[in-house]
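See below for the structure under consideration.
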Amino acid sequence: MSTQTDETQTISPVASEPSRFRPSTRGWAIRLVVIALLAVVTVWRVATVQPLWADHISLAAIFAIIGLSLNIVLGYTGQVSLGHHAFVGLGAFIAAHHITERAGCAPEEGCIESSLGTFSVAILLAILSGVISAGLLGMVALRIKGLYLALITLTYGFVAVNSIFEISSLTRGGAGMPAPRPATFFSDHKYMVLCLGLLGVCMFIDWRFLRSKMGRAVLAVKSSEAVAASYAVNVTAYKLMAFMLSGAFAGLAGALFAFRRQIVVAPDFSFSTALLWVLMVVVGGLGSRLGVVIGSMFFALFPFLIQLVGFLNDFLANTLQRDPEELTLVIGPFLALLTMIQFPGGIAEQISPITRWLGGDRFTMHPEGKHHKPSLLQRRRAKKQGLEVHDDAELVATKSEDLLRDAAGEPDAASTQTMAAVDSSEEVKS
Amino acid sequence: MAVLEIRDMSIRFGGLQALKDVNVDVPEWEIVGLIGPNGAGKTTLFNCIMGLYSPNSGTVTYRGRDISLLPTHRKVSLGIGRTFQNIGLVRELTVIENFLLAQHPRIGYGAFGGMFGMPRTFLEERRLRANAMEVLDFIGLAHLAHSKLGGLPYGTLKLIEIGTVLATDPDVILLDEPSSGMGPDEAHAFGERLLKLRQTLNLTVLMIEHHVPLVTSVCDYVYCLNFGQILTHGKPRDVASHPEVVAAYLGGEVEGLHSEDDAEEVADVTS
């Protein structure tokens, strides 16, 4: 009975991709206006910002780079790193050490401005140190999975803090290693522009990383290593490459961190900061570039934002006698808990209706159709017609089901199968 | 000469001898079935062939070349595709992105070129998308290209998975229970589809399958595995009617394979 199917499948001319929703010219125009307005307001605010806030924004950009770095490991590849403070710290010390000790631009010798050349080399060295240390750790640690990997990275962080950061020729002990900026980026304002620019570069690399073969391979590894290997992905190599890219970002962030204060001290990089970085990535939304950047910037700016609220600042300073930074370590875990229990997608998911609309999609509150199930009668009617019931209430008869129905010969039989298929698909999801 | 030769494959998990001296030949252009009751070691054999498990002994020869020690991804690059019992697709990617992933070994740009957004990566991605659409159209699912996997029926996902395996450009495909979750008619239609796939794409197939009518109608040769050993092998009809095979499936008492407790259980069920 199956010989009568219309399944005459020879190699046909290449099908074009099904068309997706594209906005009309007017739709695009409105979106472009909104984007342009947002851009203009942001650029104007940032360009006219006070030097103090320029410094804060530099920190926010650095945190965002660290967030992207962690997101590559945690959000895309599905590996855990609790030792990122070691990568960032090493980058910071390497950069500072290069400027002060190797290029000989130490403040005690009256050098307050490094040259642009040594500055660039220092940043490149910091990136390289991040790549190498992440590569070395990865070669040992990435053979191990889950909890033990978390434990190893955690241990690595502690060991690095207590060994590398204790080398006084690298860190100059408690006094710290100076890291003077070059004249080009000497003012806080110019330095902020540099940090934001490098953040832009990192976001571009992150975008291309995710949208090319590396990103797909790494997402497959996160999903299942066996499945990834069955698509010819070299699992260990890709985990290692993701780890090294993460290390590169972390090293860069470290160098920028060093030049922001123009001095690095070991206590800047403790386990609690590493933990905070993990939390900010979770709150921002694991796996979402924009969410992570927003989350990280929020965590970086939080202590300064608190100071803008008069009564909170008074309460902190007078009654609790605490630094605003310490409040981040209280609010951070709380936000992370809230995210994990109530808003699993983090900030990214909360703003996704807007970001998707700006990207040229329809405006809908539930883009994945997760919360919108078809009504009982809709389902029943659809089933009777032998249609598939999708959770987003779009009733689509797939070609494959048509073929199967033709093969079966009886439409009724096919519809019952489709019901079975719908049921089983629900089982799979649950 | 067989495309895929498995010789003396044995693997032990602690006290459990999961496979013992298994020999399987998959000749060119044949569909070879692998049947056996649950826990017989069928999927374990697949994992040993692909290198996801490292067997205690045994060799896998692919077109005369010993590939026992190659890592999984190298075997896939050589042209051995494999599906999973519980759908080996990446849920975070859309249907077409899964097809792009499947073409991983034949992508004409390096990982770093892709990362830094070199112009040729964009061109290459366009070519990959065209390839993906070709395969999607071939399996009749072109309209689902941009769908998320989440809302799709189980049978469709199974079909998509076979499609992605085709996109790895395989010579031999190992299918792990391709008809699970399908009704009898769907399974039959799947059998027809498989025969056509072989016809048009020149495939050799080794498949694990429980559905006996499908096995008898599609397979050229069948191996029956029980408790990690090959019970019997031969033409599908002979194997399906083989008394030991029937006993293995129904849990009957043949040649003292089972303990008395098992026999009692069977008696309880049958009475």
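Chain identifiers are assigned as A, B, and so on, following the order in which chains appear in the structure tokens; residues are numbered from 1 within each chain, and ligands are numbered from 1 in order of appearance.
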* To do: Up to 6 Å from chain A, what residues of chain B turn up? Count only C-alpha atoms and give them as a list in words.
  => Thr72, His73, Val76, Ser77, Gly88, Val90, Leu101, Ala102, Pro105, Ala111, Gly114, Met115, Phe116, Gly117, Met133, Glu134, Gly140, His143, Gly151, Pro153, Tyr154, Asp185 and Ala189 of chain B
* **Which of region 61-204 of chain B DSSP labels helix (DSSP H, G or I), written as a ChimeraX atom specification** => /B:72-78,95-102,104-106,111-115,119-138,142-144,154-167,184-201
* Contacts of Cys224 (chain B) at 8 Å (only C-alpha atoms; same-chain gap of 3+ positions) as a ChimeraX atom specification -> /B:34-36,230-233,239,245
Using N, CA and C atoms, can you export the residues from the last selection as a PDB file, in the first residue's frame?
```pdb
ATOM      1  N   LEU B  34      19.629  -5.334  14.217  1.00  0.00           N
ATOM      2  CA  LEU B  34      20.190  -5.843  15.466  1.00  0.00           C
ATOM      3  C   LEU B  34      19.017  -5.898  16.423  1.00  0.00           C
ATOM      4  N   ILE B  35      18.577  -7.110  16.773  1.00  0.00           N
ATOM      5  CA  ILE B  35      17.437  -7.204  17.668  1.00  0.00           C
ATOM      6  C   ILE B  35      17.881  -7.852  18.969  1.00  0.00           C
ATOM      7  N   GLY B  36      16.992  -7.856  19.913  1.00  0.00           N
ATOM      8  CA  GLY B  36      17.312  -8.460  21.205  1.00  0.00           C
ATOM      9  C   GLY B  36      16.503  -7.772  22.284  1.00  0.00           C
ATOM     10  N   ILE B 230      25.853 -12.909  20.830  1.00  0.00           N
ATOM     11  CA  ILE B 230      25.032 -13.132  19.637  1.00  0.00           C
ATOM     12  C   ILE B 230      24.331 -14.484  19.798  1.00  0.00           C
ATOM     13  N   LEU B 231      23.001 -14.419  19.832  1.00  0.00           N
ATOM     14  CA  LEU B 231      22.233 -15.645  20.010  1.00  0.00           C
ATOM     15  C   LEU B 231      22.180 -16.408  18.687  1.00  0.00           C
ATOM     16  N   THR B 232      21.844 -15.641  17.640  1.00  0.00           N
ATOM     17  CA  THR B 232      21.787 -16.247  16.310  1.00  0.00           C
ATOM     18  C   THR B 232      21.831 -15.130  15.276  1.00  0.00           C
ATOM     19  N   HIS B 233      22.106 -15.483  14.044  1.00  0.00           N
ATOM     20  CA  HIS B 233      22.025 -14.485  12.979  1.00  0.00           C
ATOM     21  C   HIS B 233      21.656 -15.165  11.681  1.00  0.00           C
ATOM     22  N   VAL B 239      15.500 -15.761  11.590  1.00  0.00           N
ATOM     23  CA  VAL B 239      15.844 -15.324  12.950  1.00  0.00           C
ATOM     24  C   VAL B 239      14.576 -15.108  13.763  1.00  0.00           C
ATOM     25  N   VAL B 245      15.276 -17.188  19.868  1.00  0.00           N
ATOM     26  CA  VAL B 245      14.938 -15.766  19.785  1.00  0.00           C
ATOM     27  C   VAL B 245      13.576 -15.525  20.398  1.00  0.00           C
TER      28      VAL B 245
END
```
* What's the 6 Å shell around Gly176 (chain A), counting only C-alpha atoms, without same-chain residues fewer than 5 positions away, as a ChimeraX atom specification? -> /A:171,264-265
Find the nearest atom pair between each residue of region 96-195 of chain B and region 40-58 of chain B for residues within 10 Å, count only C-alpha atoms, give distances in Å to one decimal, sort rows by chain and ascending number, and present the table as JSON lines.
```
{"residue": "B:Leu174", "atom": "CA", "partner": "B:Phe46", "partner_atom": "CA", "distance": 7.4}
{"residue": "B:Leu175", "atom": "CA", "partner": "B:Phe46", "partner_atom": "CA", "distance": 9.0}
{"residue": "B:Asp176", "atom": "CA", "partner": "B:Thr43", "partner_atom": "CA", "distance": 7.0}
{"residue": "B:Glu177", "atom": "CA", "partner": "B:Thr43", "partner_atom": "CA", "distance": 9.3}
```
* **Close residues, Val73 (chain A) itself excluded, 8 Å, only C-alpha atoms, min 6 positions apart in chain, as an MDAnalysis selection string** => chainID A and resid 79:81 242:243 246
